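See structure below.
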Amino acid sequence: EVLSAVVQTPRLEVPRVVIGCWQLLERNDSEEEALRTLTAFADAGFLAFDTADIYGPSEGLLGRFRRRYAEAHGGTDNVKVFTKYVPFMDSSRSTAVDTNEVSRQSLQVETLDLVQYCWYGPFFGQGHIEAAGRLQELQREGRVAHIGGCNYDTTHLKELVEAGVPIETNQVQFSLLDLRPENGLLEYCKAQGIKLLCFGTVAGGWLSDKYLGAPAPPEWLPGDLQEGTVSKKMYWESLQS
């Protein structure tokens with residue numbers, strides 16, 4: 001039931017479960033092991049994956065996975081890979097084009113399924129809107145199918161929408177421990193038909209059954225963080241801020 005359920009935008013279908021690929025080589029630096037893990041997810045019916053242009057070798061590994069999947073199944077039409085565009089306060093067309101070219105080559109596709117746009121830096125002036133406009137240009141040229149936001153708050157997401165950027169999704173952190181999207185973002189996105197793609201829904205593991213009945217911090221926290229994943233440490237730090 002979970003696998004068949006989708007989040008529907010006017011033009012894009014997104015499965016309710018998307019496999020995050022930020023740390024494909026964190027627990028094991030073997031690329032072959034990472035490819036086997038991606039294949040295992042696909043064999044279990046999880047066919048949507050999330051990556052980014054700044055996630056190290058992630059896009060390249062997903063491209064190799066897609067090729068293997070196509071060889072085994074005769075195609076990859078049912079496989080979706082959602083990547084990101086994270087310009088470091090750079091709204092130039094050349095950066096957008098170069099990044100798009102690298103992502104398409106790495107993922108071995110002509111058109112990127114969904115590019116989730118994250119403006120890295122302070123929101124001064126019109127820079128973040130101009131950079132989003134570069135994605136629109138690439139969309140018109142057939143290099144990007146769908147455009148989404150990433151970590152956009154309500155104020156700046158509204159600026160993109162009012163500028164005519166066709167935002168279909170917004171990826172944000174949202175869990176029982178992090179309810180920031182309830183501060184106006186949910187209401188705005190619902191009104192605009194923008195779907196939230198939520199990460200951190202189990203807070204990197206902090207909301208798993210492992211911690212039911214566990215002693216309160218800091219008794220177990222230092223050792224647990226030392227043995228935990230980068231993701232787990234990140235979510236703990238974000239929850240403390």
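By order of appearance in the structure tokens: chains A, B, ..., then residues from 1 within every chain, and ligands from 1 in the order shown.
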
Residues at most 12 Å from A:Glu137, counting only C-alpha atoms, excluding those fewer than 2 positions away in the same chain, as a compact mmCIF listing (two decimals) with all heavy atoms, in the first residue's frame?
# COMPACT_ATOMS: atom_id res chain seq x y z
N SER A 92 24.43 32.78 -12.29
CA SER A 92 24.83 32.83 -13.69
C SER A 92 24.27 31.65 -14.48
O SER A 92 24.06 30.56 -13.93
CB SER A 92 26.36 32.83 -13.81
OG SER A 92 26.89 31.59 -13.38
N ARG A 93 24.05 31.87 -15.77
CA ARG A 93 23.59 30.79 -16.63
C ARG A 93 24.68 29.74 -16.81
O ARG A 93 24.39 28.54 -16.85
CB ARG A 93 23.17 31.32 -18.00
CG ARG A 93 22.80 30.19 -18.98
CD ARG A 93 22.22 30.69 -20.27
NE ARG A 93 22.15 29.61 -21.25
CZ ARG A 93 21.16 28.73 -21.33
NH1 ARG A 93 20.14 28.81 -20.47
NH2 ARG A 93 21.15 27.77 -22.24
N SER A 94 25.92 30.18 -16.88
CA SER A 94 27.01 29.22 -17.12
C SER A 94 27.09 28.19 -16.00
O SER A 94 27.29 26.99 -16.27
CB SER A 94 28.35 29.96 -17.25
OG SER A 94 28.64 30.69 -16.07
N ALA A 96 24.61 27.22 -14.02
CA ALA A 96 23.42 26.36 -14.12
C ALA A 96 23.59 25.34 -15.24
O ALA A 96 23.27 24.15 -15.07
CB ALA A 96 22.18 27.21 -14.35
N VAL A 97 24.09 25.78 -16.39
CA VAL A 97 24.29 24.89 -17.53
C VAL A 97 25.33 23.84 -17.22
O VAL A 97 25.14 22.64 -17.49
CB VAL A 97 24.67 25.68 -18.79
CG1 VAL A 97 25.11 24.75 -19.91
CG2 VAL A 97 23.50 26.53 -19.25
N ASN A 100 24.04 21.32 -14.66
CA ASN A 100 23.05 20.46 -15.30
C ASN A 100 23.71 19.42 -16.19
O ASN A 100 23.31 18.25 -16.21
CB ASN A 100 22.08 21.32 -16.12
CG ASN A 100 21.05 20.51 -16.88
OD1 ASN A 100 21.28 20.13 -18.03
ND2 ASN A 100 19.92 20.26 -16.25
N GLU A 130 16.82 34.94 -9.73
CA GLU A 130 17.51 34.86 -11.02
C GLU A 130 18.07 33.46 -11.26
O GLU A 130 18.00 32.93 -12.37
CB GLU A 130 18.64 35.89 -11.06
CG GLU A 130 18.15 37.34 -11.05
CD GLU A 130 19.27 38.33 -10.86
OE1 GLU A 130 20.43 37.89 -10.73
OE2 GLU A 130 18.99 39.55 -10.82
N ALA A 131 18.61 32.84 -10.20
CA ALA A 131 19.15 31.48 -10.34
C ALA A 131 18.03 30.49 -10.66
O ALA A 131 18.21 29.57 -11.46
CB ALA A 131 19.88 31.07 -9.06
N ALA A 132 16.88 30.68 -10.04
CA ALA A 132 15.74 29.81 -10.34
C ALA A 132 15.29 29.99 -11.78
O ALA A 132 14.86 29.04 -12.45
CB ALA A 132 14.58 30.11 -9.38
N GLY A 133 15.42 31.22 -12.27
CA GLY A 133 15.07 31.48 -13.65
C GLY A 133 15.96 30.71 -14.62
O GLY A 133 15.52 30.34 -15.72
N ARG A 134 17.18 30.45 -14.23
CA ARG A 134 18.08 29.63 -15.08
C ARG A 134 17.54 28.22 -15.22
O ARG A 134 17.65 27.60 -16.28
CB ARG A 134 19.49 29.60 -14.48
CG ARG A 134 20.12 30.97 -14.25
CD ARG A 134 20.16 31.81 -15.51
NE ARG A 134 20.84 33.07 -15.29
CZ ARG A 134 20.87 34.06 -16.16
NH1 ARG A 134 20.23 33.95 -17.32
NH2 ARG A 134 21.51 35.18 -15.89
N LEU A 135 16.94 27.71 -14.14
CA LEU A 135 16.34 26.37 -14.22
C LEU A 135 15.14 26.38 -15.17
O LEU A 135 14.92 25.40 -15.89
CB LEU A 135 15.90 25.90 -12.84
CG LEU A 135 17.01 25.44 -11.88
CD1 LEU A 135 16.40 25.01 -10.56
CD2 LEU A 135 17.82 24.31 -12.48
N GLN A 139 14.58 24.07 -18.33
CA GLN A 139 13.33 23.31 -18.48
C GLN A 139 12.76 23.52 -19.89
O GLN A 139 12.33 22.56 -20.55
CB GLN A 139 12.33 23.74 -17.42
CG GLN A 139 11.05 22.90 -17.40
CD GLN A 139 10.10 23.37 -16.32
OE1 GLN A 139 9.82 24.58 -16.18
NE2 GLN A 139 9.59 22.44 -15.52
N ARG A 140 12.76 24.76 -20.35
CA ARG A 140 12.25 25.03 -21.70
C ARG A 140 13.10 24.35 -22.77
O ARG A 140 12.60 24.01 -23.85
CB ARG A 140 12.20 26.55 -21.93
CG ARG A 140 11.09 27.25 -21.17
CD ARG A 140 10.92 28.67 -21.65
NE ARG A 140 12.02 29.54 -21.27
CZ ARG A 140 12.06 30.26 -20.15
NH1 ARG A 140 11.04 30.22 -19.31
NH2 ARG A 140 13.09 31.02 -19.88
N GLU A 141 14.38 24.15 -22.47
CA GLU A 141 15.29 23.50 -23.42
C GLU A 141 15.24 21.99 -23.34
O GLU A 141 15.97 21.30 -24.06
CB GLU A 141 16.71 24.00 -23.16
CG GLU A 141 16.89 25.49 -23.44
CD GLU A 141 18.17 26.05 -22.85
OE1 GLU A 141 18.98 25.27 -22.29
OE2 GLU A 141 18.37 27.29 -22.91
N GLY A 142 14.41 21.44 -22.42
CA GLY A 142 14.26 20.00 -22.32
C GLY A 142 15.30 19.30 -21.47
O GLY A 142 15.38 18.07 -21.48
N ARG A 143 16.05 20.05 -20.69
CA ARG A 143 17.09 19.44 -19.86
C ARG A 143 16.61 19.17 -18.43
O ARG A 143 17.27 18.47 -17.68
CB ARG A 143 18.33 20.34 -19.80
CG ARG A 143 18.85 20.75 -21.17
CD ARG A 143 20.18 21.45 -21.05
NE ARG A 143 20.39 22.43 -22.11
CZ ARG A 143 21.51 23.09 -22.31
NH1 ARG A 143 22.55 22.88 -21.52
NH2 ARG A 143 21.61 23.98 -23.28
N VAL A 144 15.47 19.74 -18.07
CA VAL A 144 14.87 19.56 -16.76
C VAL A 144 13.37 19.33 -16.97
O VAL A 144 12.73 20.10 -17.70
CB VAL A 144 15.08 20.79 -15.86
CG1 VAL A 144 14.27 20.67 -14.56
CG2 VAL A 144 16.56 20.99 -15.55
N ALA A 145 12.82 18.29 -16.35
CA ALA A 145 11.39 18.03 -16.50
C ALA A 145 10.57 18.81 -15.49
O ALA A 145 9.57 19.45 -15.85
CB ALA A 145 11.12 16.53 -16.35
N HIS A 146 10.97 18.77 -14.22
CA HIS A 146 10.19 19.40 -13.15
C HIS A 146 11.13 20.18 -12.24
O HIS A 146 12.29 19.79 -12.05
CB HIS A 146 9.43 18.36 -12.34
CG HIS A 146 8.54 17.49 -13.17
ND1 HIS A 146 7.29 17.88 -13.58
CD2 HIS A 146 8.73 16.24 -13.67
CE1 HIS A 146 6.74 16.92 -14.30
NE2 HIS A 146 7.59 15.91 -14.36
N ILE A 147 10.61 21.25 -11.65
CA ILE A 147 11.39 22.10 -10.75
C ILE A 147 10.73 22.10 -9.37
O ILE A 147 9.51 22.27 -9.24
CB ILE A 147 11.48 23.55 -11.27
CG1 ILE A 147 12.18 23.58 -12.64
CG2 ILE A 147 12.22 24.45 -10.28
CD1 ILE A 147 12.18 24.96 -13.29
N VAL A 165 8.12 31.14 -11.21
CA VAL A 165 8.87 29.88 -11.23
C VAL A 165 7.89 28.74 -10.94
O VAL A 165 7.20 28.76 -9.91
CB VAL A 165 10.01 29.88 -10.20
CG1 VAL A 165 10.81 28.58 -10.28
CG2 VAL A 165 10.94 31.07 -10.43
N PRO A 166 7.81 27.73 -11.80
CA PRO A 166 6.82 26.65 -11.63
C PRO A 166 7.24 25.61 -10.59
O PRO A 166 7.55 24.47 -10.90
CB PRO A 166 6.75 26.04 -13.03
CG PRO A 166 8.12 26.23 -13.60
CD PRO A 166 8.59 27.57 -13.06

Please, which residues of stretch 3-226 of chain A, numbered as in this document, come out alpha helix (DSSP H) from DSSP, as a ChimeraX atom specification? /A:31-43,58-73,93-107,127-140,154-162,185-192,221-226

With a cut-off of 12 Å, could you pull out the residues of stretch 112-183 of chain A touching stretch 46-61 of chain A and give me the nearest pair of atoms for each, distance in Å to one decimal, using only C-alpha atoms, ordered by chain and ascending number, as CSV?
residue,atom,partner,partner_atom,distance
A:Leu112,CA,A:Glu59,CA,11.3
A:Asp113,CA,A:Ala48,CA,10.4
A:Leu114,CA,A:Asp50,CA,9.5
A:Val115,CA,A:Ala52,CA,8.6
A:Gln116,CA,A:Ala52,CA,8.4
A:Tyr117,CA,A:Ala52,CA,9.7
A:Cys118,CA,A:Ala52,CA,10.0
A:Tyr120,CA,A:Ile54,CA,11.2
A:Cys150,CA,A:Ala52,CA,10.6
A:Gln171,CA,A:Asp50,CA,10.3

Store the residues of this selection in a file with all heavy atoms, as a PDB file, in the first residue's frame.
ATOM      1  N   LEU A 112      16.610  15.635 -16.658  1.00  0.00           N
ATOM      2  CA  LEU A 112      16.540  15.347 -15.232  1.00  0.00           C
ATOM      3  C   LEU A 112      15.077  15.297 -14.790  1.00  0.00           C
ATOM      4  O   LEU A 112      14.289  16.179 -15.123  1.00  0.00           O
ATOM      5  CB  LEU A 112      17.295  16.413 -14.439  1.00  0.00           C
ATOM      6  CG  LEU A 112      18.793  16.528 -14.735  1.00  0.00           C
ATOM      7  CD1 LEU A 112      19.395  17.720 -13.977  1.00  0.00           C
ATOM      8  CD2 LEU A 112      19.535  15.244 -14.380  1.00  0.00           C
ATOM      9  N   ASP A 113      14.713  14.267 -14.035  1.00  0.00           N
ATOM     10  CA  ASP A 113      13.317  14.078 -13.627  1.00  0.00           C
ATOM     11  C   ASP A 113      12.797  15.259 -12.824  1.00  0.00           C
ATOM     12  O   ASP A 113      11.740  15.824 -13.120  1.00  0.00           O
ATOM     13  CB  ASP A 113      13.183  12.801 -12.787  1.00  0.00           C
ATOM     14  CG  ASP A 113      13.477  11.546 -13.583  1.00  0.00           C
ATOM     15  OD1 ASP A 113      13.094  11.507 -14.764  1.00  0.00           O
ATOM     16  OD2 ASP A 113      14.076  10.613 -13.019  1.00  0.00           O
ATOM     17  N   LEU A 114      13.511  15.593 -11.767  1.00  0.00           N
ATOM     18  CA  LEU A 114      13.122  16.688 -10.882  1.00  0.00           C
ATOM     19  C   LEU A 114      14.396  17.321 -10.338  1.00  0.00           C
ATOM     20  O   LEU A 114      15.251  16.629  -9.798  1.00  0.00           O
ATOM     21  CB  LEU A 114      12.261  16.178  -9.710  1.00  0.00           C
ATOM     22  CG  LEU A 114      12.008  17.153  -8.550  1.00  0.00           C
ATOM     23  CD1 LEU A 114      11.136  18.321  -9.005  1.00  0.00           C
ATOM     24  CD2 LEU A 114      11.343  16.429  -7.366  1.00  0.00           C
ATOM     25  N   VAL A 115      14.514  18.638 -10.479  1.00  0.00           N
ATOM     26  CA  VAL A 115      15.631  19.369  -9.894  1.00  0.00           C
ATOM     27  C   VAL A 115      15.084  20.223  -8.752  1.00  0.00           C
ATOM     28  O   VAL A 115      14.247  21.104  -8.955  1.00  0.00           O
ATOM     29  CB  VAL A 115      16.341  20.262 -10.932  1.00  0.00           C
ATOM     30  CG1 VAL A 115      17.425  21.092 -10.251  1.00  0.00           C
ATOM     31  CG2 VAL A 115      16.961  19.411 -12.031  1.00  0.00           C
ATOM     32  N   GLN A 116      15.557  19.936  -7.552  1.00  0.00           N
ATOM     33  CA  GLN A 116      15.132  20.655  -6.357  1.00  0.00           C
ATOM     34  C   GLN A 116      16.163  21.749  -6.077  1.00  0.00           C
ATOM     35  O   GLN A 116      17.331  21.458  -5.832  1.00  0.00           O
ATOM     36  CB  GLN A 116      15.004  19.680  -5.191  1.00  0.00           C
ATOM     37  CG  GLN A 116      13.999  18.569  -5.484  1.00  0.00           C
ATOM     38  CD  GLN A 116      14.156  17.384  -4.564  1.00  0.00           C
ATOM     39  OE1 GLN A 116      13.408  17.235  -3.604  1.00  0.00           O
ATOM     40  NE2 GLN A 116      15.118  16.519  -4.848  1.00  0.00           N
ATOM     41  N   TYR A 117      15.704  22.964  -6.129  1.00  0.00           N
ATOM     42  CA  TYR A 117      16.592  24.129  -6.116  1.00  0.00           C
ATOM     43  C   TYR A 117      16.796  24.649  -4.693  1.00  0.00           C
ATOM     44  O   TYR A 117      15.835  24.959  -3.991  1.00  0.00           O
ATOM     45  CB  TYR A 117      15.994  25.203  -7.024  1.00  0.00           C
ATOM     46  CG  TYR A 117      16.562  26.575  -6.852  1.00  0.00           C
ATOM     47  CD1 TYR A 117      17.926  26.822  -7.016  1.00  0.00           C
ATOM     48  CD2 TYR A 117      15.735  27.657  -6.548  1.00  0.00           C
ATOM     49  CE1 TYR A 117      18.441  28.092  -6.864  1.00  0.00           C
ATOM     50  CE2 TYR A 117      16.232  28.928  -6.403  1.00  0.00           C
ATOM     51  CZ  TYR A 117      17.588  29.149  -6.550  1.00  0.00           C
ATOM     52  OH  TYR A 117      18.090  30.415  -6.396  1.00  0.00           O
ATOM     53  N   CYS A 118      18.064  24.719  -4.292  1.00  0.00           N
ATOM     54  CA  CYS A 118      18.418  25.214  -2.957  1.00  0.00           C
ATOM     55  C   CYS A 118      19.416  26.356  -3.096  1.00  0.00           C
ATOM     56  O   CYS A 118      20.529  26.158  -3.598  1.00  0.00           O
ATOM     57  CB  CYS A 118      19.021  24.080  -2.120  1.00  0.00           C
ATOM     58  SG  CYS A 118      19.544  24.586  -0.464  1.00  0.00           S
ATOM     59  N   TYR A 120      22.125  28.493  -1.772  1.00  0.00           N
ATOM     60  CA  TYR A 120      23.071  28.344  -0.672  1.00  0.00           C
ATOM     61  C   TYR A 120      23.664  29.711  -0.344  1.00  0.00           C
ATOM     62  O   TYR A 120      24.551  30.207  -1.026  1.00  0.00           O
ATOM     63  CB  TYR A 120      24.179  27.368  -1.061  1.00  0.00           C
ATOM     64  CG  TYR A 120      25.028  26.912   0.114  1.00  0.00           C
ATOM     65  CD1 TYR A 120      24.678  25.794   0.853  1.00  0.00           C
ATOM     66  CD2 TYR A 120      26.172  27.616   0.474  1.00  0.00           C
ATOM     67  CE1 TYR A 120      25.444  25.383   1.935  1.00  0.00           C
ATOM     68  CE2 TYR A 120      26.944  27.207   1.547  1.00  0.00           C
ATOM     69  CZ  TYR A 120      26.579  26.093   2.272  1.00  0.00           C
ATOM     70  OH  TYR A 120      27.343  25.703   3.340  1.00  0.00           O
ATOM     71  N   CYS A 150      14.025  23.430  -2.315  1.00  0.00           N
ATOM     72  CA  CYS A 150      14.657  22.628  -1.261  1.00  0.00           C
ATOM     73  C   CYS A 150      15.034  23.551  -0.115  1.00  0.00           C
ATOM     74  O   CYS A 150      15.778  24.522  -0.318  1.00  0.00           O
ATOM     75  CB  CYS A 150      15.886  21.902  -1.807  1.00  0.00           C
ATOM     76  SG  CYS A 150      16.734  20.881  -0.575  1.00  0.00           S
ATOM     77  N   GLN A 171      11.299  20.438  -0.666  1.00  0.00           N
ATOM     78  CA  GLN A 171      11.850  19.446   0.250  1.00  0.00           C
ATOM     79  C   GLN A 171      12.314  20.135   1.531  1.00  0.00           C
ATOM     80  O   GLN A 171      13.160  21.036   1.493  1.00  0.00           O
ATOM     81  CB  GLN A 171      13.028  18.704  -0.390  1.00  0.00           C
ATOM     82  CG  GLN A 171      13.547  17.583   0.496  1.00  0.00           C
ATOM     83  CD  GLN A 171      14.693  16.804  -0.119  1.00  0.00           C
ATOM     84  OE1 GLN A 171      15.697  16.569   0.528  1.00  0.00           O
ATOM     85  NE2 GLN A 171      14.549  16.404  -1.376  1.00  0.00           N
TER      86      GLN A 171
END

Of A:Ile194, A:Cys189, A:Leu24, A:Ala42, the one sitting nearest A:Glu168 when using only C-alpha atoms is A:Ile194

DSSP says strand (DSSP E or B) for which residues of stretch 52-227 of chain A? Put them as a VMD selection string? chain A and resid 80 to 85 112 to 117 144 to 150 167 to 173 175 178 195 to 199

Worksheet entry | For atom CA of A:Phe124 and atom CA of A:Lys84, the interatomic separation in Å (one decimal) |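 Going from atom CA of A:Phe124 over to atom CA of A:Lys84 covers 21.1 Å.
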
My list of candidates is A:Leu186, A:Leu12, A:Val17, A:Arg104. Which is closest to A:Thr201 when distances are computed with only C-alpha atoms?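 When distances to A:Thr201 are compared using only C-alpha atoms, the smallest one comes from A:Val17.
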
- [ ] Would you mind reading off the distance between atom CA of A:Pro15 and atom CA of A:Lys190, one decimal, in Å?
- [x]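 About the pair atom CA of A:Pro15 and atom CA of A:Lys190: they are 18.1 Å apart.
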